[in-house]
Amino acid sequence: MLLGTPFHPRTAALCRSRRWRNWSGYASALSYEPGHEHEYYAVRSGAALFDISPLRKYEIAGPEAAALVDRIVTRRVADCAVGRVLYTPWCDEAGKIIDDGTVQRLAGDRFRITAADPCLRWFQDCALGMDASVRDVSSDLAALALQGPTSRRILERLVTGADIAALPFFALAEGRIGAAPVTITRTGYTGDLGYELWVRPADALALWDAIVETGRGYGLAPAGLDALDVARIEAGLLLKEVDYVSSWTALIESRKSSPYEAGLGWAVQPRRGREFVGGRALEEEAAKPSGWALAGIELDWPRIEERFAAVGLPPLVAGRASRDAAPIYAKGRSGRSAARQIGYLTSSTFSPILKKYIALATIRRAFARPGARIQAELTVEFVRQRVPATVVKTPFFDPPRKRN
Amino acid sequence: MNAASPVPRRYDAIVIGGGHNGLVHAAYLARAGLRVCVLERRPLLGGATVTEEIFPGFRYSVFSYVVSLMRPDIIRELDLPRHGLAILPLESTLTPLPNGDRLYRDADHHRTWREIARFSVRDAEAYDDYGRTLFYMARAVKRLLGIAPPDPGRLGPGDIRGLAGLARHFLDLEPDQLHTLVKLMTMSAADFVDEWFEADALKATLSASGIIGTFLGPRSPGTAYVLLHHYMGEIDGHFRAWGFAKGGTGAVAEAIASAAREAGAEIRTDAAVEQVLVKNGRATGVALDSGEELRARVVSSSLDPRRTFLDLVDEDHLPAELVRGVRAFRFRGSSAKVNLALDAAPDFACMPGHGPHLRGAVSISPSIDYLERAYDDAKYGDFSRRPYIDIVIPSAIDPGMAPPGKHVMSCFVQYAPYELREGTWDEKREAFGDTVIETLSEHIPNLREIILHRQVVTPLDIERTTGLSQGNIFQGELTPSQLFFLRPAAGHAGYGTPVRGYYQCGSGTHPGGGIMGAPGKLAAVRVLADLKRGPGRASGSRGGLG
Ligand SMILES: Cc1cc2nc3c(=O)[nH]c(=O)nc-3n(C[C@H](O)[C@H](O)[C@H](O)COP(=O)(O)OP(=O)(O)OC[C@H]3O[C@@H](n4cnc5c(N)ncnc54)[C@H](O)[C@@H]3O)c2cc1C
């Protein structure tokens, strides 16, 4: 039985498509309208409203809260001032990613961590012997993501007690919308200008109504997971269990990934007097890099069109993002030998804004440099084909408004 | 030919006992081209795996009631689905609690998470971890289910090869997995689950798998392995899944029998073997209690070790060390069944009405103390005043088991010690049945009103009906000291016996009890290998090595 989030009375009424997905035990709309195009474009040209309540949330508090968070995550928490948020993975002792999420520093000794899946036991075990408490506040907080170019203006009109215009990328503020106290973080999973709002479940419906009401003049649309999936691939953001497998769910070693292998090497901060879980293993890996990496891939669109045209079809790959893995190939450096498999695409999508077919891939490090020419498997009318592709930098789409 | 005929019939192989292992054994031998005859004492096949219509219209899985361990290779090779085998999924596990609450788990991962989290969020999170760990353990020991156990104490070439292979296999495990395996072989079930969980009902229900078929409590060392044994099964590649055989467990035996017959095996019921005939240290056939004699080059017994070695052959054909070993083999039956015909569906106080919980298992195991106390009673020769009960309602899964709207309920009960301190099971049978009904009524208030018929199966009844010594459901306890190359006795674990041409193929051999078929198949492999080596070669207990 799927639960409804605190916003369910509103989302259910709006969900004309009747398309829902199980997100952590909650019914989560895939799209509100039968197709997700309009919702996607709301992200890129207006504002999209996502119910992200199913995220797991934990609160860490106490004199040693900062030390505890620092022990759990791969990034240095000292870098996270009060009122700031950081995105980070966390690892097991072997340096393999368990989960990823954001750390909000609410006060010097108080943090909120979001996670894709339950982590209370892990966080508590990491806290053994430390003067800090970990609380599962997942059902104490409802959450919305308001994403898109007009999101700032909507919030400016709604929020009191906080200066939205001045809120920097990856910062947080406490304010009010109507009578409801809200934590506003300038974060999101779309790679666009956007915010996430954290409220008590009792205030959820009032918050939803206020945003929908005000958003009317700003191109606001409630949006579902299908639109989100396209946007997050464009933004080069990873999805757990799709672009990497948690070390807790990977039944075999080879499925696990370190942050370096998942393109999150930038989020591993050198140990130097810092003990964090997996730090030792990651230090060794940094010295002796793994053979695997994560890369952005751009498939040659004209070639795709050609292949489809050859069977008399338009390119049928536009539409929803795909989470079906597909092999990628390349020739050796000499270029003479036959192409061999060098990895696999994990997520792929046609990018409506870039008009390109893009993908995230787990790939042999030797081929992970931008510009490398490879081939990706694509099935055209039931026949597997190899389409030329290029390794590119991520994010694929990175508008200045995201940070400005 | 009539029973008193002076010219005995001749076969290549005679299989004593038409339980599921005897039938599997016969099917493989027949498929290899042997002339095979199965002799079953009872009028029906299946042994501990039978469905009987004890009360008109209601079909009881009289003894065993759920299926998981049945080897997929056997199902495939004998083409059992074509012979009628269908395993329907058991969907859930419900643990009713004395305070009216309950712990309910099913395939809805998030719902189960939330349900466990009501008791402990940490447990809910640990639950997946636990499941994964047992997946690794089952994967590790699964290999053992398909091979004859090599014996480190003997070290013939086959043993050395076998041990080397296993050593490599186990050394390939991650260190923490190897450590867990050692713990499972040595710890108690309660201590083992204690390393993961804090919620008593969850711990108790998980560790209950560790006491099934043993005369041990959840806190007794050795029970952790029994728990693993119950997790080694798989259905369609899903480890740990338990299912229900359409038509009751008797349908499993029927399907195997049909496969065996198709392969040419002859199967006789009402044919009790009195003795294995031995001449010059070699089995030559069997004598039935009717006086009839049958001859064969190979005689395989699927009965438990006590009957195989102490009843069917004269002890003077056997080395004293084997006789001592088998005498010491622990049976100590401790399980009973209560089968009920019900006028309506049982209404659980903690989950009223019809629901998916009726299509799953219901476990009366509210706390570790509850289980341990149940064992305390048994330790001193009483049946448990408040027993552990594992309930399934076959008719909720398979409508063919009872008339429409009515139900059969199978209750597996522990502890019911074979040896009572006072009185006999014939005197205590109904008092025991009353205790079970009383216990159940605490959770199913309407139970007494809907009972149409009840069958109480004590350990003595199990022994009398199936021949399982002392009513031990597994042909001998499954604790580590009675497993692998020690099952049934050190040096005699390779399915052969010191009597040439005489083999063992029942649950009393590796890998042990449960509806599994593995002993029957592995023993057939051994018989066929020996036959290929040719007659005249000694076939000592260790495949031509001894
Ligand atoms: C009450 C109970 C509940 C159980 N529950 C389960 C369960 O839910 N799931 C599970 O997997 N396992 C369960 N088991 C265990 C499982 O049923 C047994 O391990 C398995 O069926 C044994 O099969 P077998 O062929 O090795 O031996 P048996 O089934 O014991 O077969 C031996 C056969 O030999 C016959 N026989 C005996 N003496 C003679 C003789 N002198 N001559 C000829 N024939 C003879 C017997 O009648 C019998 O048919 C249960 C067992 C019992 C008793």
# chains A, B, ... in the order shown; residues from 1 in each chain; ligands from 1
>>> residues_near_ligand(ligand="ligand 1", cutoff="7 Å", atoms="only C-alpha atoms and all ligand atoms", output="ChimeraX atom specification")
/B:16-22,39-42,45-49,63-69,271-274,302-304,335-337,412,462,465-468,471-475,506-508,513-516
>>> residues_around(residues="Glu430 of chain B", least_positions_apart="3", cutoff="10 Å", atoms="only C-alpha atoms", output="list in words")
Trp425, Asp426, Glu427, Gly433, Asp434, Thr435, Val436, Arg454, Gln455, Val456, Val457 and Thr458 of chain B
>>> write_last_selection(atoms="N, CA and C atoms", output="PDB file, in the first residue's frame")
ATOM      1  N   TRP B 425       1.656 -40.399  25.152  1.00  0.00           N
ATOM      2  CA  TRP B 425       1.024 -39.502  24.189  1.00  0.00           C
ATOM      3  C   TRP B 425      -0.403 -39.943  23.878  1.00  0.00           C
ATOM      4  N   ASP B 426      -0.650 -41.234  23.967  1.00  0.00           N
ATOM      5  CA  ASP B 426      -2.021 -41.673  23.716  1.00  0.00           C
ATOM      6  C   ASP B 426      -2.968 -41.107  24.772  1.00  0.00           C
ATOM      7  N   GLU B 427      -2.448 -40.962  25.989  1.00  0.00           N
ATOM      8  CA  GLU B 427      -3.286 -40.364  27.035  1.00  0.00           C
ATOM      9  C   GLU B 427      -3.347 -38.840  26.920  1.00  0.00           C
ATOM     10  N   GLY B 433      -3.875 -31.111  22.378  1.00  0.00           N
ATOM     11  CA  GLY B 433      -4.685 -30.423  21.379  1.00  0.00           C
ATOM     12  C   GLY B 433      -5.429 -29.242  21.997  1.00  0.00           C
ATOM     13  N   ASP B 434      -5.958 -29.448  23.207  1.00  0.00           N
ATOM     14  CA  ASP B 434      -6.681 -28.367  23.885  1.00  0.00           C
ATOM     15  C   ASP B 434      -5.765 -27.177  24.165  1.00  0.00           C
ATOM     16  N   THR B 435      -4.529 -27.490  24.581  1.00  0.00           N
ATOM     17  CA  THR B 435      -3.576 -26.414  24.858  1.00  0.00           C
ATOM     18  C   THR B 435      -3.314 -25.592  23.605  1.00  0.00           C
ATOM     19  N   VAL B 436      -3.191 -26.280  22.478  1.00  0.00           N
ATOM     20  CA  VAL B 436      -2.933 -25.571  21.229  1.00  0.00           C
ATOM     21  C   VAL B 436      -4.133 -24.681  20.881  1.00  0.00           C
ATOM     22  N   ARG B 454     -10.787 -31.660  14.233  1.00  0.00           N
ATOM     23  CA  ARG B 454      -9.389 -31.419  14.535  1.00  0.00           C
ATOM     24  C   ARG B 454      -8.626 -32.733  14.563  1.00  0.00           C
ATOM     25  N   GLN B 455      -7.435 -32.668  14.006  1.00  0.00           N
ATOM     26  CA  GLN B 455      -6.543 -33.829  14.008  1.00  0.00           C
ATOM     27  C   GLN B 455      -5.288 -33.437  14.780  1.00  0.00           C
ATOM     28  N   VAL B 456      -5.013 -34.158  15.851  1.00  0.00           N
ATOM     29  CA  VAL B 456      -3.809 -33.866  16.631  1.00  0.00           C
ATOM     30  C   VAL B 456      -2.770 -34.933  16.284  1.00  0.00           C
ATOM     31  N   VAL B 457      -1.629 -34.480  15.818  1.00  0.00           N
ATOM     32  CA  VAL B 457      -0.568 -35.396  15.399  1.00  0.00           C
ATOM     33  C   VAL B 457       0.608 -35.236  16.348  1.00  0.00           C
ATOM     34  N   THR B 458       0.768 -36.177  17.261  1.00  0.00           N
ATOM     35  CA  THR B 458       1.846 -36.085  18.253  1.00  0.00           C
ATOM     36  C   THR B 458       3.116 -36.694  17.665  1.00  0.00           C
TER      37      THR B 458
END
>>> closest_atom_pairs(of="chain B", to="chain A", cutoff="10 Å", atoms="only C-alpha atoms", output="Markdown table")
| residue | atom | partner | partner_atom | distance |
| --- | --- | --- | --- | --- |
| B:Asp108 | CA | A:Met1 | CA | 7.3 |
| B:His109 | CA | A:Gly25 | CA | 7.9 |
| B:His110 | CA | A:Gly25 | CA | 4.9 |
| B:Arg111 | CA | A:Met1 | CA | 6.7 |
| B:Thr112 | CA | A:Gly25 | CA | 9.8 |
| B:Trp113 | CA | A:Gly25 | CA | 9.0 |
| B:Arg114 | CA | A:Gly25 | CA | 8.9 |
| B:Val121 | CA | A:Leu120 | CA | 7.5 |
| B:Arg122 | CA | A:Arg121 | CA | 5.0 |
| B:Asp123 | CA | A:Arg121 | CA | 8.2 |
| B:Ala124 | CA | A:Pro118 | CA | 8.9 |
| B:Glu125 | CA | A:Pro118 | CA | 6.5 |
| B:Ala126 | CA | A:Arg121 | CA | 7.5 |
| B:Asp128 | CA | A:Thr249 | CA | 8.6 |
| B:Asp129 | CA | A:Trp248 | CA | 7.4 |
| B:Arg132 | CA | A:Leu251 | CA | 7.6 |
| B:Thr133 | CA | A:Leu251 | CA | 9.6 |
| B:Phe135 | CA | A:Leu251 | CA | 8.9 |
| B:Tyr136 | CA | A:Leu251 | CA | 8.3 |
| B:Glu174 | CA | A:Glu253 | CA | 9.5 |
>>> write_last_selection(atoms="N, CA, C and O atoms", output="tab-separated table (two decimals), in the first residue's frame")
chain	number	residue	atom	x	y	z
B	108	ASP	N	5.67	-6.12	0.25
B	108	ASP	CA	5.66	-4.67	0.09
B	108	ASP	C	6.77	-4.12	0.98
B	108	ASP	O	6.61	-3.95	2.18
B	109	HIS	N	7.88	-3.85	0.36
B	109	HIS	CA	9.09	-3.51	1.10
B	109	HIS	C	8.89	-2.31	2.02
B	109	HIS	O	9.27	-2.32	3.17
B	110	HIS	N	8.27	-1.28	1.49
B	110	HIS	CA	8.14	-0.05	2.28
B	110	HIS	C	7.15	-0.21	3.42
B	110	HIS	O	7.34	0.31	4.50
B	111	ARG	N	6.10	-0.97	3.12
B	111	ARG	CA	5.12	-1.19	4.19
B	111	ARG	C	5.76	-2.01	5.32
B	111	ARG	O	5.55	-1.74	6.49
B	112	THR	N	6.52	-3.03	4.94
B	112	THR	CA	7.20	-3.84	5.95
B	112	THR	C	8.18	-2.98	6.73
B	112	THR	O	8.30	-3.08	7.96
B	113	TRP	N	8.84	-2.10	6.02
B	113	TRP	CA	9.77	-1.17	6.67
B	113	TRP	C	9.03	-0.36	7.74
B	113	TRP	O	9.46	-0.26	8.88
B	114	ARG	N	7.91	0.19	7.34
B	114	ARG	CA	7.16	1.03	8.28
B	114	ARG	C	6.64	0.21	9.45
B	114	ARG	O	6.60	0.68	10.59
B	121	VAL	N	13.09	1.86	14.38
B	121	VAL	CA	13.55	2.30	13.06
B	121	VAL	C	14.88	1.62	12.74
B	121	VAL	O	15.16	1.21	11.61
B	122	ARG	N	15.69	1.47	13.77
B	122	ARG	CA	16.99	0.81	13.55
B	122	ARG	C	16.77	-0.62	13.03
B	122	ARG	O	17.46	-1.07	12.14
B	123	ASP	N	15.80	-1.31	13.59
B	123	ASP	CA	15.52	-2.68	13.13
B	123	ASP	C	15.04	-2.67	11.69
B	123	ASP	O	15.41	-3.54	10.89
B	124	ALA	N	14.20	-1.70	11.36
B	124	ALA	CA	13.69	-1.62	9.99
B	124	ALA	C	14.86	-1.49	9.02
B	124	ALA	O	14.88	-2.10	7.96
B	125	GLU	N	15.83	-0.70	9.42
B	125	GLU	CA	16.99	-0.51	8.54
B	125	GLU	C	17.88	-1.74	8.54
B	125	GLU	O	18.44	-2.12	7.51
B	126	ALA	N	17.99	-2.37	9.71
B	126	ALA	CA	18.85	-3.55	9.80
B	126	ALA	C	18.26	-4.73	9.03
B	126	ALA	O	18.98	-5.63	8.59
B	128	ASP	N	16.99	-5.09	6.06
B	128	ASP	CA	17.51	-5.30	4.70
B	128	ASP	C	18.92	-5.87	4.75
B	128	ASP	O	19.30	-6.72	3.96
B	129	ASP	N	19.68	-5.33	5.68
B	129	ASP	CA	21.06	-5.75	5.85
B	129	ASP	C	21.10	-7.24	6.22
B	129	ASP	O	21.89	-8.03	5.68
B	132	ARG	N	20.26	-9.37	3.30
B	132	ARG	CA	21.39	-9.47	2.38
B	132	ARG	C	22.43	-10.45	2.91
B	132	ARG	O	22.98	-11.26	2.19
B	133	THR	N	22.69	-10.34	4.21
B	133	THR	CA	23.68	-11.23	4.80
B	133	THR	C	23.25	-12.68	4.64
B	133	THR	O	24.06	-13.54	4.28
B	135	PHE	N	21.32	-13.81	2.38
B	135	PHE	CA	21.47	-14.13	0.96
B	135	PHE	C	22.90	-14.62	0.70
B	135	PHE	O	23.12	-15.64	0.04
B	136	TYR	N	23.88	-13.89	1.24
B	136	TYR	CA	25.28	-14.31	1.04
B	136	TYR	C	25.53	-15.68	1.65
B	136	TYR	O	26.21	-16.52	1.07
B	174	GLU	N	33.90	-12.93	1.17
B	174	GLU	CA	34.44	-11.75	1.84
B	174	GLU	C	34.71	-12.15	3.29
B	174	GLU	O	33.96	-12.95	3.86
>>> select_by_dssp(residues="segment 154-342 of chain A", states="alpha helix (DSSP H)", output="PyMOL selection string")
chain A and resi 154-158+204-215+225-234+279-287+301-310
>>> closest_residue(among="B:Arg421, B:Pro218, B:Leu145, B:Ala224", to="Leu184 of chain B", atoms="only C-alpha atoms")
B:Ala224
>>> residues_around(residues="segment 264-279 of chain A", least_positions_apart="6", cutoff="10 Å", atoms="only C-alpha atoms", output="PyMOL selection string")
chain A and resi 67-77+86-97+126+238+258+285-286+293-294
>>> residues_around(residues="segment 18-21 of chain A", least_positions_apart="6", cutoff="9 Å", atoms="only C-alpha atoms", output="JSON, numbers by chain")
{"A": [12, 27, 28, 29, 30, 31, 32, 33, 34, 224, 225]}
>>> select_by_dssp(residues="segment 320-485 of chain B", states="strand (DSSP E)", output="PyMOL selection string")
chain B and resi 335-342+361-364+388-392+407-414+451-457
>>> closest_residue(among="B:Val413, B:Leu97, B:Val141, B:Ile54", to="Phe484 of chain B", atoms="only C-alpha atoms")
B:Val141
>>> atom_distance(atom1="atom CA of Phe348 of chain B", atom2="atom CA of Ile444 of chain B")
4.6 Å
>>> closest_residue(among="A:Phe123, A:Tyr41, A:Tyr357, A:Phe367", to="Ile328 of chain A", atoms="only C-alpha atoms")
A:Phe367
>>> residues_around(residues="Ala376 of chain A", least_positions_apart="6", cutoff="12 Å", atoms="only C-alpha atoms", output="VMD selection string")
chain A and resid 297 to 301 303 to 304 325 to 330 339 to 346 348 357 to 361 363 384 to 391
>>> residues_around(residues="Thr249 of chain B", least_positions_apart="2", cutoff="6 Å", atoms="only C-alpha atoms", output="number ranges by chain")
B: 49-50, 61, 65, 245, 251-252
>>> write_last_selection(atoms="N, CA, C and O atoms", output="mmCIF file, in the first residue's frame")
data_model
loop_
_atom_site.group_PDB
_atom_site.id
_atom_site.type_symbol
_atom_site.label_atom_id
_atom_site.label_comp_id
_atom_site.auth_asym_id
_atom_site.auth_seq_id
_atom_site.Cartn_x
_atom_site.Cartn_y
_atom_site.Cartn_z
ATOM 1 N N THR B 49 5.390 -36.249 3.566
ATOM 2 C CA THR B 49 4.937 -35.288 2.560
ATOM 3 C C THR B 49 3.658 -35.818 1.917
ATOM 4 O O THR B 49 3.669 -36.303 0.795
ATOM 5 N N VAL B 50 2.568 -35.772 2.670
ATOM 6 C CA VAL B 50 1.308 -36.341 2.187
ATOM 7 C C VAL B 50 0.141 -35.373 2.389
ATOM 8 O O VAL B 50 0.161 -34.541 3.300
ATOM 9 N N SER B 61 -2.537 -31.172 4.729
ATOM 10 C CA SER B 61 -1.130 -31.539 4.602
ATOM 11 C C SER B 61 -0.773 -32.045 5.993
ATOM 12 O O SER B 61 -0.464 -31.267 6.878
ATOM 13 N N TYR B 65 4.131 -28.938 5.448
ATOM 14 C CA TYR B 65 3.051 -28.066 4.968
ATOM 15 C C TYR B 65 3.510 -26.958 4.035
ATOM 16 O O TYR B 65 2.688 -26.365 3.342
ATOM 17 N N ALA B 245 2.536 -25.946 -1.891
ATOM 18 C CA ALA B 245 2.317 -26.821 -3.043
ATOM 19 C C ALA B 245 0.824 -26.946 -3.287
ATOM 20 O O ALA B 245 0.070 -27.304 -2.378
ATOM 21 N N ALA B 251 1.040 -33.428 -3.019
ATOM 22 C CA ALA B 251 1.127 -33.243 -4.461
ATOM 23 C C ALA B 251 2.581 -33.262 -4.930
ATOM 24 O O ALA B 251 2.860 -33.599 -6.085
ATOM 25 N N VAL B 252 3.508 -32.884 -4.035
ATOM 26 C CA VAL B 252 4.927 -32.942 -4.400
ATOM 27 C C VAL B 252 5.316 -34.400 -4.610
ATOM 28 O O VAL B 252 5.929 -34.773 -5.618
#
>>> residues_around(residues="Ala27 of chain B", least_positions_apart="4", cutoff="12 Å", atoms="only C-alpha atoms", output="PyMOL selection string")
chain B and resi 13-15+18+20-23+31-38+74-75+77-80+253+255-267+517+520-521+523-525
>>> atom_distance(atom1="atom CA of Phe309 of chain B", atom2="atom CA of Leu322 of chain B")
8.5 Å
>>> closest_residue(among="B:Ser410, B:Thr51, B:Ser395, B:Gln275", to="Asn339 of chain B", atoms="only C-alpha atoms")
B:Ser410
>>> closest_residue(among="A:Ser17, A:Glu59, A:Ala318, A:Ala142", to="Ile113 of chain A", atoms="only C-alpha atoms")
A:Glu59
